file coords.cif (mmCIF, C-alpha atoms)
data_my_file
#
loop_
_atom_site.label_atom_id
_atom_site.label_comp_id
_atom_site.auth_asym_id
_atom_site.auth_seq_id
_atom_site.Cartn_x
_atom_site.Cartn_y
_atom_site.Cartn_z
CA MET A 1123 -3.11 16.80 19.08
CA PRO A 1124 -3.23 13.38 17.36
CA TRP A 1125 -4.00 10.35 19.48
CA VAL A 1126 -3.22 6.74 18.72
CA LEU A 1127 -4.50 3.31 19.64
CA ARG A 1128 -1.73 0.79 19.10
CA LEU A 1129 -2.48 -2.87 18.46
CA GLY A 1130 0.17 -5.57 18.33
CA VAL A 1131 0.03 -7.20 14.90
CA PHE A 1132 0.92 -10.70 15.96
CA ASP A 1133 -1.17 -10.52 19.13
CA LEU A 1134 -4.16 -9.92 16.87
CA CYS A 1135 -3.16 -12.96 14.84
CA SER A 1136 -3.18 -15.21 17.85
CA ASN A 1137 -6.68 -14.09 18.84
CA SER A 1138 -8.15 -14.01 15.34
CA ARG A 1139 -10.85 -16.25 13.94
CA SER A 1140 -9.32 -18.96 11.80
CA GLY A 1141 -11.95 -18.48 9.10
CA SER A 1142 -10.96 -14.89 8.35
CA GLY A 1143 -9.04 -14.36 5.11
CA GLU A 1144 -6.96 -11.52 6.52
CA ALA A 1145 -6.36 -13.47 9.74
CA MET A 1146 -4.86 -16.29 7.70
CA SER A 1147 -2.82 -13.78 5.69
CA ARG A 1148 -1.48 -12.33 8.93
CA GLN A 1149 -0.56 -15.79 10.19
CA ARG A 1150 1.23 -16.58 6.91
CA MET A 1151 3.12 -13.29 7.15
CA ALA A 1152 4.12 -14.01 10.75
CA GLY A 1153 5.23 -17.50 9.80
CA GLY A 1154 7.14 -16.19 6.80
CA VAL A 1155 9.00 -13.66 8.93
CA GLN A 1156 9.92 -16.30 11.49
CA GLU A 1157 10.99 -18.81 8.83
CA ARG A 1158 13.08 -16.20 7.01
CA GLY A 1159 14.66 -15.21 10.33
CA CYS A 1160 15.71 -18.83 10.94
CA ARG A 1161 17.26 -19.07 7.46
CA ASP A 1162 19.11 -15.78 7.93
CA ARG A 1163 20.50 -16.82 11.31
CA ALA A 1164 21.61 -20.16 9.88
CA ALA A 1165 23.31 -18.56 6.87
CA GLY A 1166 24.55 -15.33 8.41
CA GLY A 1167 25.82 -16.43 11.78
CA GLY A 1168 23.17 -15.20 14.18
CA SER A 1169 21.39 -12.39 12.35
CA ASP A 1170 18.17 -11.58 14.15
CA SER A 1171 16.80 -8.82 11.93
CA SER A 1172 13.55 -10.69 11.20
CA SER A 1173 12.85 -11.18 14.90
CA GLU A 1174 13.51 -7.49 15.41
CA THR A 1175 11.02 -6.72 12.64
CA GLU A 1176 8.42 -8.87 14.35
CA ARG A 1177 8.97 -7.18 17.70
CA ASN A 1178 8.73 -3.71 16.18
CA SER A 1179 5.60 -4.35 14.11
CA ASN A 1180 2.40 -2.75 15.37
CA GLU A 1181 -0.70 -0.92 14.25
CA HIS A 1182 -1.67 2.64 15.06
CA LEU A 1183 -5.04 4.33 14.69
CA ILE A 1184 -4.11 8.00 14.29
CA GLN A 1185 -6.59 10.85 14.56
CA THR A 1186 -5.80 13.43 11.85
CA ARG A 1187 -7.37 16.71 10.82
CA CYS A 1188 -9.56 14.77 8.37
CA GLY A 1189 -10.56 11.79 10.49
CA SER A 1190 -8.77 8.69 11.73
CA VAL A 1191 -6.41 6.62 9.64
CA SER A 1192 -4.81 3.25 10.33
CA VAL A 1193 -1.03 2.86 9.98
CA SER A 1194 0.79 -0.46 10.29
CA VAL A 1195 4.50 -0.16 11.08
CA PHE A 1196 7.04 -2.89 10.31
CA GLY A 1197 10.72 -2.65 11.14
CA ASP A 1198 13.20 -0.50 13.00
CA GLN A 1199 11.93 3.08 13.21
CA GLU A 1200 15.50 4.35 13.25
CA LYS A 1201 15.79 3.40 9.56
CA PRO A 1202 14.60 5.55 6.64
CA ALA A 1203 10.84 5.48 6.13
CA LEU A 1204 8.97 3.82 3.26
CA VAL A 1205 5.30 4.88 3.15
CA THR A 1206 2.83 2.73 1.20
CA TYR A 1207 -0.76 3.45 0.09
CA PRO A 1208 -3.01 0.80 -1.55
CA ASP A 1209 -5.66 0.91 -4.26
CA VAL A 1210 -9.43 1.05 -3.86
CA ALA A 1211 -10.95 -1.73 -1.68
CA LEU A 1212 -7.49 -2.97 -0.65
CA ASN A 1213 -5.23 -2.59 2.36
CA TYR A 1214 -1.58 -3.46 2.89
CA MET A 1215 -2.33 -7.15 3.42
CA SER A 1216 -4.16 -7.56 0.11
CA CYS A 1217 -2.15 -5.05 -1.94
CA PHE A 1218 1.49 -5.55 -0.93
CA GLN A 1219 1.77 -9.04 0.57
CA GLY A 1220 2.77 -10.57 -2.80
CA LEU A 1221 5.75 -8.22 -2.98
CA PHE A 1222 6.75 -8.60 0.66
CA PHE A 1223 6.32 -12.39 0.56
CA THR A 1224 9.02 -12.48 -2.13
CA PRO A 1225 12.12 -13.16 0.01
CA GLU A 1226 14.48 -11.05 -2.08
CA ALA A 1227 12.15 -8.03 -2.18
CA ALA A 1228 11.38 -8.34 1.52
CA SER A 1229 15.08 -8.46 2.40
CA LEU A 1230 15.84 -5.48 0.15
CA LEU A 1231 13.07 -3.30 1.60
CA LEU A 1232 13.11 -4.39 5.25
CA HIS A 1233 16.90 -4.21 5.37
CA ASN A 1234 16.86 -0.55 4.29
CA PHE A 1235 13.51 0.81 5.50
CA CYS A 1236 10.98 0.92 8.25
CA ILE A 1237 7.68 0.31 6.46
CA TYR A 1238 4.68 2.53 7.24
CA HIS A 1239 1.57 1.05 5.61
CA ILE A 1240 -1.14 3.73 5.45
CA THR A 1241 -4.61 2.29 4.99
CA PRO A 1242 -7.40 4.41 3.40
CA PRO A 1243 -10.18 5.37 5.83
CA GLY A 1244 -12.56 2.47 6.28
CA HIS A 1245 -10.21 -0.15 4.81
CA GLU A 1246 -8.49 -1.18 8.06
CA VAL A 1247 -7.45 -4.78 8.65
CA SER A 1248 -9.14 -5.01 12.06
CA HIS A 1249 -10.90 -2.93 14.67
CA LEU A 1250 -11.80 -3.18 18.34
CA VAL A 1251 -15.38 -4.16 19.16
CA LEU A 1252 -16.82 -3.77 22.65
CA PRO A 1253 -19.21 -6.56 23.67
CA PRO A 1254 -22.83 -5.79 24.61
CA LEU A 1255 -22.10 -5.27 28.32
CA SER A 1256 -23.09 -2.47 30.63
CA PHE A 1257 -21.81 1.02 29.97
CA HIS A 1258 -19.49 0.94 32.99
CA SER A 1259 -18.02 -2.43 31.96
CA ASN A 1260 -17.22 -1.16 28.49
CA VAL A 1261 -15.60 1.98 29.90
CA VAL A 1262 -13.37 -0.17 32.12
CA ILE A 1263 -12.39 -2.41 29.16
CA PHE A 1264 -11.62 0.56 26.92
CA CYS A 1265 -9.58 2.32 29.62
CA PHE A 1266 -7.68 -0.91 30.20
CA ALA A 1267 -6.83 -1.03 26.48
CA LEU A 1268 -5.66 2.59 26.45
CA ILE A 1269 -3.55 2.13 29.58
CA GLY A 1270 -2.02 -1.01 28.11
CA THR A 1271 -1.01 0.77 24.90
CA THR A 1272 0.39 3.72 26.83
CA PHE A 1273 2.58 1.94 29.38
CA SER A 1274 3.41 -1.27 27.54
CA HIS A 1275 5.13 -2.06 24.26
CA GLU A 1276 2.56 -4.75 23.55
CA PHE A 1277 -1.21 -4.57 23.55
CA PRO A 1278 -2.70 -6.88 26.20
CA ARG A 1279 -4.42 -9.89 24.70
CA LEU A 1280 -8.17 -9.47 24.70
CA PRO A 1281 -10.84 -12.15 24.25
CA GLN A 1282 -11.62 -13.11 20.67
CA GLU A 1283 -14.99 -11.37 20.61
CA PHE A 1284 -13.32 -7.99 21.22
CA LEU A 1285 -11.50 -8.18 17.85
CA GLN A 1286 -13.20 -8.08 14.49
CA PHE A 1287 -11.47 -8.31 11.12
CA GLY A 1288 -12.48 -5.79 8.51
CA ALA A 1289 -13.06 -2.10 9.11
CA ALA A 1290 -15.97 -0.69 11.04
CA PRO A 1291 -18.56 1.13 8.89
CA ILE A 1292 -18.04 4.87 8.62
CA SER A 1293 -21.02 7.01 9.58
CA MET A 1294 -23.01 8.29 6.62
CA HIS A 1295 -23.25 11.65 8.39
CA LEU A 1296 -19.56 12.29 7.73
CA SER A 1297 -18.69 14.02 4.48
CA VAL A 1298 -16.71 12.15 1.83
CA PRO A 1299 -13.06 13.33 2.04
CA SER A 1300 -11.52 14.99 -0.98
CA VAL A 1301 -8.25 13.76 -2.44
CA ASP A 1302 -6.57 16.85 -0.95
CA GLU A 1303 -7.80 15.84 2.50
CA LEU A 1304 -6.48 12.32 2.00
CA ALA A 1305 -3.10 13.82 1.09
CA ASP A 1306 -3.29 15.96 4.24
CA GLN A 1307 -3.76 12.75 6.23
CA VAL A 1308 -0.43 11.51 4.87
CA ALA A 1309 1.22 14.69 6.17
CA ASP A 1310 -0.39 14.20 9.59
CA VAL A 1311 0.91 10.62 9.73
CA LEU A 1312 4.43 11.82 8.96
CA ASP A 1313 4.13 14.50 11.64
CA PHE A 1314 2.89 11.99 14.19
CA PHE A 1315 5.91 9.72 13.70
CA GLY A 1316 8.32 12.65 13.34
CA LEU A 1317 9.31 11.74 9.77
CA ALA A 1318 11.02 14.55 7.90
CA ALA A 1319 11.53 12.88 4.51
CA VAL A 1320 10.20 9.58 3.19
CA MET A 1321 10.24 7.21 0.24
CA CYS A 1322 6.75 6.46 -1.09
CA MET A 1323 5.17 3.44 -2.81
CA GLY A 1324 1.57 3.59 -4.04
CA VAL A 1325 -0.73 1.53 -6.24
CA THR A 1326 -3.19 3.21 -8.65
CA ALA A 1327 -5.44 5.30 -6.36
CA GLY A 1328 -2.76 5.20 -3.66
CA ALA A 1329 -0.18 6.29 -6.22
CA TYR A 1330 -2.33 9.33 -7.01
CA ILE A 1331 -2.64 10.28 -3.32
CA LEU A 1332 1.11 10.04 -2.76
CA THR A 1333 1.89 11.93 -5.98
CA LEU A 1334 -0.56 14.64 -4.93
CA PHE A 1335 1.19 14.81 -1.57
CA ALA A 1336 4.56 15.13 -3.35
CA VAL A 1337 3.73 17.72 -6.01
CA CYS A 1338 0.44 19.56 -5.66
CA LEU A 1339 1.06 20.45 -2.02
CA LEU A 1340 4.71 21.28 -2.64
CA SER A 1341 4.46 24.70 -1.02
CA ARG A 1342 3.50 23.13 2.31
CA TYR A 1343 5.24 19.74 2.18
CA GLN A 1344 8.33 20.43 0.13
CA HIS A 1345 11.31 18.14 0.51
CA ARG A 1346 9.25 15.55 2.39
CA VAL A 1347 9.26 13.02 -0.46
CA ILE A 1348 12.72 11.89 -1.58
CA GLY A 1349 11.52 9.24 -4.05
CA LEU A 1350 8.39 7.68 -5.56
CA MET A 1351 7.79 4.06 -6.58
CA LEU A 1352 4.41 4.07 -8.30
CA VAL A 1353 2.45 1.10 -9.61
CA SER A 1354 -0.10 1.79 -12.38
CA PRO A 1355 -0.37 5.42 -11.28
CA LEU A 1356 -3.10 7.93 -12.02
CA CYS A 1357 -2.34 11.60 -12.62
CA LYS A 1358 -5.25 12.91 -14.71
CA ALA A 1359 -8.86 13.63 -13.87
CA PRO A 1360 -11.14 10.68 -14.66
CA SER A 1361 -11.98 10.24 -18.32
CA TRP A 1362 -15.66 10.05 -19.22
CA THR A 1363 -15.33 6.28 -19.54
CA GLU A 1364 -13.71 5.88 -16.11
CA TRP A 1365 -16.12 8.36 -14.53
CA PHE A 1366 -19.13 6.43 -15.86
CA TYR A 1367 -17.58 3.09 -14.86
CA ASN A 1368 -16.97 4.36 -11.33
CA LYS A 1369 -20.50 5.75 -11.13
CA VAL A 1370 -21.93 2.34 -12.01
CA MET A 1371 -19.75 0.73 -9.34
CA SER A 1372 -20.77 3.39 -6.81
CA ASN A 1373 -24.48 2.82 -7.42
CA LEU A 1374 -24.08 -0.95 -7.14
CA LEU A 1375 -22.13 -0.55 -3.89
CA TYR A 1376 -24.70 1.86 -2.49
CA PHE A 1377 -27.78 -0.27 -3.25
CA TYR A 1378 -26.47 -3.87 -3.30
CA GLY A 1379 -23.30 -3.82 -1.19
CA MET A 1380 -20.22 -5.94 -1.99
CA SER A 1381 -22.00 -8.11 -4.55
CA GLY A 1382 -20.47 -10.64 -6.92
CA LEU A 1383 -20.64 -8.15 -9.78
CA ILE A 1384 -18.66 -5.59 -7.78
CA LYS A 1385 -16.00 -8.20 -7.03
CA ASP A 1386 -15.75 -8.98 -10.75
CA PHE A 1387 -15.31 -5.28 -11.53
CA LEU A 1388 -12.57 -4.96 -8.92
CA LEU A 1389 -10.73 -8.09 -10.05
CA GLN A 1390 -10.76 -6.82 -13.63
CA ARG A 1391 -9.33 -3.55 -12.33
CA TYR A 1392 -6.49 -5.37 -10.55
CA PHE A 1393 -5.45 -8.25 -12.81
CA SER A 1394 -4.96 -9.23 -16.41
CA LYS A 1395 -7.36 -11.65 -18.08
CA LEU A 1396 -4.73 -14.40 -18.12
CA THR A 1397 -4.25 -14.35 -14.35
CA ASP A 1398 -5.99 -16.64 -11.91
CA PHE A 1399 -8.09 -14.31 -9.76
CA PRO A 1400 -7.55 -16.20 -6.46
CA LEU A 1401 -4.34 -14.13 -6.06
CA ILE A 1402 -6.57 -12.09 -3.76
CA PRO A 1403 -8.96 -14.41 -1.87
CA LEU A 1404 -12.54 -13.33 -2.37
CA GLN A 1405 -13.13 -13.39 1.38
CA LEU A 1406 -10.77 -10.42 1.69
CA LEU A 1407 -13.14 -8.40 -0.48
CA ASP A 1408 -16.07 -9.73 1.58
CA GLU A 1409 -14.52 -8.11 4.65
CA ARG A 1410 -14.66 -4.66 3.06
CA GLN A 1411 -17.55 -2.47 4.16
CA SER A 1412 -19.34 -1.56 0.93
CA MET A 1413 -20.05 2.04 2.00
CA ASN A 1414 -16.41 2.56 3.00
CA VAL A 1415 -15.32 1.44 -0.48
CA TRP A 1416 -18.01 3.68 -1.94
CA ARG A 1417 -16.56 6.68 -0.10
CA PHE A 1418 -13.01 6.06 -1.37
CA LEU A 1419 -14.34 5.56 -4.91
CA GLN A 1420 -16.25 8.84 -4.66
CA SER A 1421 -13.09 10.62 -3.53
CA MET A 1422 -11.11 9.28 -6.49
CA ASN A 1423 -13.89 10.08 -8.94
CA GLY A 1424 -13.57 13.73 -7.88
CA ARG A 1425 -9.79 13.94 -8.35
CA HIS A 1426 -8.20 16.73 -10.38
CA ASP A 1427 -5.51 16.76 -13.05
CA LEU A 1428 -1.89 16.80 -11.84
CA THR A 1429 -0.27 17.09 -15.28
CA GLU A 1430 1.00 20.64 -14.86
CA GLU A 1431 2.17 20.04 -11.30
CA LEU A 1432 4.29 17.08 -12.41
CA LYS A 1433 6.76 19.51 -13.95
CA LYS A 1434 7.61 20.66 -10.40
CA LEU A 1435 8.48 17.14 -9.29
CA HIS A 1436 12.25 16.68 -9.06
CA CYS A 1437 12.49 13.61 -6.84
CA ARG A 1438 13.39 10.32 -8.51
CA THR A 1439 10.37 8.37 -9.72
CA LEU A 1440 10.12 4.71 -10.72
CA ILE A 1441 6.87 3.70 -12.44
CA PHE A 1442 5.62 0.14 -12.94
CA VAL A 1443 2.63 -0.71 -15.11
CA GLY A 1444 1.25 -3.92 -16.58
CA ASP A 1445 0.67 -3.96 -20.31
CA SER A 1446 -2.89 -5.20 -19.67
CA SER A 1447 -3.69 -2.56 -17.06
CA PRO A 1448 -6.74 -0.38 -17.73
CA PHE A 1449 -4.52 2.50 -16.54
CA HIS A 1450 -1.64 1.76 -18.90
CA ALA A 1451 -2.24 4.96 -20.92
CA ASP A 1452 -2.29 7.03 -17.71
CA ALA A 1453 1.11 5.66 -16.69
CA LEU A 1454 2.58 6.48 -20.12
CA HIS A 1455 1.12 9.98 -19.95
CA MET A 1456 2.56 10.55 -16.49
CA THR A 1457 6.00 9.34 -17.56
CA SER A 1458 5.97 11.65 -20.59
CA LYS A 1459 5.38 14.67 -18.32
CA LEU A 1460 8.10 13.86 -15.78
CA ASP A 1461 11.70 14.99 -16.10
CA ARG A 1462 13.44 12.12 -17.86
CA ARG A 1463 16.58 12.67 -15.82
CA TYR A 1464 14.74 11.60 -12.68
CA SER A 1465 12.17 9.07 -13.91
CA ALA A 1466 11.99 5.56 -15.37
CA LEU A 1467 9.17 3.40 -16.69
CA VAL A 1468 8.97 -0.39 -16.38
CA GLU A 1469 6.26 -2.10 -18.43
CA VAL A 1470 5.49 -5.61 -17.22
CA GLN A 1471 4.23 -8.10 -19.75
CA VAL A 1472 1.12 -10.20 -19.18
CA CYS A 1473 0.15 -8.19 -16.11
CA GLY A 1474 -2.67 -5.94 -14.97
CA SER A 1475 -2.58 -2.99 -12.60
CA LEU A 1476 -1.65 -4.81 -9.40
CA VAL A 1477 1.96 -5.66 -10.29
CA THR A 1478 2.78 -6.10 -6.58
CA GLU A 1479 0.56 -9.19 -6.52
CA GLU A 1480 0.53 -10.49 -10.08
CA GLN A 1481 4.20 -10.13 -11.09
CA PRO A 1482 6.14 -9.00 -7.98
CA HIS A 1483 9.37 -10.63 -9.20
CA ALA A 1484 9.43 -8.18 -12.13
CA MET A 1485 9.87 -5.34 -9.64
CA LEU A 1486 12.98 -6.69 -7.93
CA ILE A 1487 15.86 -5.68 -10.20
CA PRO A 1488 14.43 -2.24 -11.15
CA MET A 1489 13.86 -1.50 -7.47
CA GLU A 1490 17.38 -2.55 -6.55
CA TYR A 1491 18.96 -0.27 -9.15
CA PHE A 1492 16.58 2.54 -8.21
CA LEU A 1493 17.55 2.31 -4.54
CA MET A 1494 21.24 2.18 -5.41
CA GLY A 1495 20.88 5.85 -6.36
CA TYR A 1496 20.21 6.52 -2.67
CA GLY A 1497 23.10 4.38 -1.46
CA LEU A 1498 20.75 1.58 -0.36
CA TYR A 1499 21.66 -2.04 -1.04
CA ARG A 1500 20.41 -5.51 -0.23
CA PRO A 1501 21.98 -7.40 2.70
CA CYS A 1502 25.14 -9.30 1.77
CA GLN A 1503 24.20 -12.54 3.52
CA LEU A 1504 21.54 -13.30 0.90
CA SER A 1505 23.85 -12.79 -2.08
CA LEU A 1506 24.69 -16.51 -2.33
CA SER A 1507 21.08 -17.65 -2.55
CA PRO A 1508 20.70 -19.65 -5.79
CA ARG A 1509 17.10 -18.49 -6.16
CA SER A 1510 17.80 -14.79 -5.70
CA PRO A 1511 17.40 -12.70 -8.87
CA LEU A 1512 19.44 -10.04 -7.11
CA SER A 1513 22.59 -12.18 -7.13
CA PRO A 1514 24.63 -11.37 -10.29
CA SER A 1515 26.93 -14.36 -9.77
CA CYS A 1516 23.96 -16.70 -9.99
CA ILE A 1517 22.47 -15.28 -13.20
CA SER A 1518 23.40 -16.30 -16.71
CA PRO A 1519 24.35 -13.22 -18.79
CA ASP A 1520 21.63 -13.90 -21.35
CA LEU A 1521 18.99 -13.56 -18.62
CA TYR A 1522 19.78 -9.87 -18.22
CA SER A 1523 17.73 -9.05 -21.32
CA PRO A 1524 14.46 -7.24 -20.55
CA GLU A 1525 12.50 -9.92 -22.43
CA SER A 1526 13.90 -12.64 -20.17
CA MET A 1527 12.88 -10.65 -17.09
CA GLY A 1528 9.35 -10.22 -18.43
CA VAL A 1529 9.60 -6.45 -18.72
CA LYS A 1530 9.86 -3.96 -21.54
CA LEU A 1531 12.34 -1.16 -21.01
CA LYS A 1532 11.70 1.15 -23.95
CA PRO A 1533 12.37 4.89 -24.06
CA ILE A 1534 9.11 6.66 -23.55
CA LYS A 1535 9.70 8.75 -26.67
CA THR A 1536 9.12 5.63 -28.79
CA ARG A 1537 5.66 5.23 -27.27
CA ILE A 1538 4.44 8.81 -27.23
CA ALA A 1539 3.96 11.04 -30.28
CA LEU A 1540 5.21 14.45 -29.23
CA LYS A 1541 3.60 17.50 -30.79
CA SER A 1542 5.91 19.90 -32.56
#
call {"tool": "encode", "arguments": {"input": "coords.cif", "output": "structure tokens"}}
result
Amino acid sequence: MPWVLRLGVFDLCSNSRSGSGEAMSRQRMAGGVQERGCRDRAAGGGSDSSSETERNSNEHLIQTRCGSVSVSVFGDQEKPALVTYPDVALNYMSCFQGLFFTPEAASLLLHNFCIYHITPPGHEVSHLVLPPLSFHSNVVIFCFALIGTTFSHEFPRLPQEFLQFGAAPISMHLSVPSVDELADQVADVLDFFGLAAVMCMGVTAGAYILTLFAVCLLSRYQHRVIGLMLVSPLCKAPSWTEWFYNKVMSNLLYFYGMSGLIKDFLLQRYFSKLTDFPLIPLQLLDERQSMNVWRFLQSMNGRHDLTEELKKLHCRTLIFVGDSSPFHADALHMTSKLDRRYSALVEVQVCGSLVTEEQPHAMLIPMEYFLMGYGLYRPCQLSLSPRSPLSPSCISPDLYSPESMGVKLKPIKTRIALKS
């Protein structure tokens, strides 16, 4: 039976070290939620949805069949579920904060969904560290934490030294999970929260895991995914070039840890050459345990081809990819194999793989129209915002062109040569 250790997100913020990159990101997110809540109450006559989101946000460490996995929950759990999964060496703070910091996107998603951010094993934002006290003292502290999470809605505030940002290292004695086992973890998370059907959003490696969960395991998990929003997705086995590239990264991680060269490789994976790399502070990559990243990279290097299984996928799928992404060809291939009645491709100009951070505004309008197919809309009180790209009354008609939005909306048949 799965167990969970629940940590209050904003309690961790208040006890965090000010020098931590993810601590500062958490504080900015908390401040952004509070500031947006004040604006909403001022404009909408007392709306308190942002405060409700803050109260209902917490972290869970869930024990699954394939090890523990961290899940951060934001929003009202009575709403439909949106499950996210990040790319290699990232978690929800470094992979999705650009999108959720965009007020219009945050209002669209948080108004309609409860967000479940699944973090790959070993990529957690924070973990509990027991101080070097006696065995009995540590047992008392740990029991106090468990009792607090069981009988209280908020985790009791612990001294600063009990909390450490960045994941704990995973034992080398544990086997590297396969991509199928990572997909099984997603199913266990849904079972733990009692979620029957969910919307999914994944980035690159995370997009592969969620697609695998949706299609390759259809016999066991059918009808559990009602829609996919994928960013620079993977669906094929690694090419020889990618396999060799990942092997070089794996060896560097194994022998030299999170070195400057590894950071350069990762930044080139995420962003286009024209983008300023500080979109993700380097200290966030410093907080990654090199062997934990190595394990996730090994899992993805052993992935299998999903091309044939994509034909079974009948849920609606929205794919974003930057035209400078190293996985641009994979996204085009995936789109060509999906049923065109249920899928759409958005190519974002001057952008790499991590569209959620580099060009999050380019995702807003496609996401809104995609969610309209499910009867989901943005809140009305934000419709008069002069800066909102989701407000038709505030947009000049000539700005509706794809070029003005920075995206290319071309039929996939003009980009793929079909064999007769």
call {"tool": "closest_residue", "arguments": {"input": "coords.cif", "among": "A:Val1195, A:Leu1204, A:Leu1476, A:Met1456", "to": "A:Leu1389", "atoms": "only C-alpha atoms"}}
result
A:Leu1476
call {"tool": "residues_around", "arguments": {"input": "coords.cif", "residues": "stretch 1221-1236 of chain A", "least_positions_apart": "2", "cutoff": "7 Å", "atoms": "all atoms listed in the file", "output": "VMD selection string"}}
result
chain A and resid 1196 to 1199 1201 to 1204 1218 to 1219 1238 1478 to 1479 1482 1486 1498 to 1501 1510
call {"tool": "atom_distance", "arguments": {"input": "coords.cif", "atom1": "atom CA of A:Leu1467", "atom2": "atom CA of A:Leu1440"}}
result
6.2 Å
call {"tool": "residues_around", "arguments": {"input": "coords.cif", "residues": "A:Tyr1207", "least_positions_apart": "2", "cutoff": "6 Å", "atoms": "only C-alpha atoms", "output": "number ranges by chain"}}
result
A: 1240, 1324, 1328
call {"tool": "atom_distance", "arguments": {"input": "coords.cif", "atom1": "atom CA of A:Val1443", "atom2": "atom CA of A:Ser1354"}}
result
4.6 Å
call {"tool": "closest_residue", "arguments": {"input": "coords.cif", "among": "A:Met1422, A:Ala1309, A:Ala1466, A:Cys1357", "to": "A:Thr1439", "atoms": "only C-alpha atoms"}}
result
A:Ala1466
call {"tool": "atom_distance", "arguments": {"input": "coords.cif", "atom1": "atom CA of A:Ile1292", "atom2": "atom CA of A:Leu1183"}}
result
14.4 Å
call {"tool": "closest_residue", "arguments": {"input": "coords.cif", "among": "A:Leu1374, A:Leu1304, A:Ile1441, A:Leu1419", "to": "A:Leu1350", "atoms": "all atoms listed in the file"}}
result
A:Ile1441
call {"tool": "resolve_selection", "arguments": {"input": "coords.cif", "expression": "the PyMOL selection byres ((chain A and resi 1318) around 12)", "output": "ChimeraX atom specification"}}
result
/A:1202-1204,1309-1317,1319-1321,1343-1348
call {"tool": "closest_residue", "arguments": {"input": "coords.cif", "among": "A:Met1413, A:Met1485, A:Leu1432, A:Ile1384", "to": "A:Tyr1464", "atoms": "all atoms listed in the file"}}
result
A:Leu1432
call {"tool": "closest_residue", "arguments": {"input": "coords.cif", "among": "A:Cys1322, A:Cys1338, A:Val1247, A:Ala1359", "to": "A:Asp1427", "atoms": "all atoms listed in the file"}}
result
A:Ala1359
call {"tool": "closest_residue", "arguments": {"input": "coords.cif", "among": "A:Val1210, A:Val1205, A:Ala1484, A:Met1215", "to": "A:Met1323", "atoms": "all atoms listed in the file"}}
result
A:Val1205
call {"tool": "resolve_selection", "arguments": {"input": "coords.cif", "expression": "the PyMOL selection byres ((chain A and resi 1299) around 12)", "output": "PyMOL selection string"}}
result
chain A and resi 1187-1190+1242-1244+1292+1296-1298+1300-1307+1414+1416-1425
call {"tool": "write_last_selection", "arguments": {"input": "coords.cif", "atoms": "C-alpha atoms", "output": "PDB file, keeping the file's coordinate frame"}}
result
ATOM      1  CA  ARG A1187      -7.370  16.710  10.820  1.00  0.00           C
ATOM      2  CA  CYS A1188      -9.560  14.770   8.370  1.00  0.00           C
ATOM      3  CA  GLY A1189     -10.560  11.790  10.490  1.00  0.00           C
ATOM      4  CA  SER A1190      -8.770   8.690  11.730  1.00  0.00           C
ATOM      5  CA  PRO A1242      -7.400   4.410   3.400  1.00  0.00           C
ATOM      6  CA  PRO A1243     -10.180   5.370   5.830  1.00  0.00           C
ATOM      7  CA  GLY A1244     -12.560   2.470   6.280  1.00  0.00           C
ATOM      8  CA  ILE A1292     -18.040   4.870   8.620  1.00  0.00           C
ATOM      9  CA  LEU A1296     -19.560  12.290   7.730  1.00  0.00           C
ATOM     10  CA  SER A1297     -18.690  14.020   4.480  1.00  0.00           C
ATOM     11  CA  VAL A1298     -16.710  12.150   1.830  1.00  0.00           C
ATOM     12  CA  SER A1300     -11.520  14.990  -0.980  1.00  0.00           C
ATOM     13  CA  VAL A1301      -8.250  13.760  -2.440  1.00  0.00           C
ATOM     14  CA  ASP A1302      -6.570  16.850  -0.950  1.00  0.00           C
ATOM     15  CA  GLU A1303      -7.800  15.840   2.500  1.00  0.00           C
ATOM     16  CA  LEU A1304      -6.480  12.320   2.000  1.00  0.00           C
ATOM     17  CA  ALA A1305      -3.100  13.820   1.090  1.00  0.00           C
ATOM     18  CA  ASP A1306      -3.290  15.960   4.240  1.00  0.00           C
ATOM     19  CA  GLN A1307      -3.760  12.750   6.230  1.00  0.00           C
ATOM     20  CA  ASN A1414     -16.410   2.560   3.000  1.00  0.00           C
ATOM     21  CA  TRP A1416     -18.010   3.680  -1.940  1.00  0.00           C
ATOM     22  CA  ARG A1417     -16.560   6.680  -0.100  1.00  0.00           C
ATOM     23  CA  PHE A1418     -13.010   6.060  -1.370  1.00  0.00           C
ATOM     24  CA  LEU A1419     -14.340   5.560  -4.910  1.00  0.00           C
ATOM     25  CA  GLN A1420     -16.250   8.840  -4.660  1.00  0.00           C
ATOM     26  CA  SER A1421     -13.090  10.620  -3.530  1.00  0.00           C
ATOM     27  CA  MET A1422     -11.110   9.280  -6.490  1.00  0.00           C
ATOM     28  CA  ASN A1423     -13.890  10.080  -8.940  1.00  0.00           C
ATOM     29  CA  GLY A1424     -13.570  13.730  -7.880  1.00  0.00           C
ATOM     30  CA  ARG A1425      -9.790  13.940  -8.350  1.00  0.00           C
TER      31      ARG A1425
END
call {"tool": "resolve_selection", "arguments": {"input": "coords.cif", "expression": "the PyMOL selection byres ((chain A and resi 1337) around 7)", "output": "list in words"}}
result
Thr1333, Leu1334, Phe1335, Ala1336, Cys1338, Leu1339, Leu1340, Glu1431, Leu1432, Lys1434 and Leu1435 of chain A
call {"tool": "residues_around", "arguments": {"input": "coords.cif", "residues": "A:Leu1383", "least_positions_apart": "6", "cutoff": "12 Å", "atoms": "only C-alpha atoms", "output": "PyMOL selection string"}}
result
chain A and resi 1370-1375+1389-1390+1407
call {"tool": "axis_aligned_box", "arguments": {"input": "coords.cif", "around": "stretch 1437-1452 of chain A", "padding_each_side": "8 Å", "output": "AutoDock Vina command-line options"}}
result
--center_x 3.3 --center_y 4.2 --center_z -13.9 --size_x 36.1 --size_y 34.8 --size_z 30.1
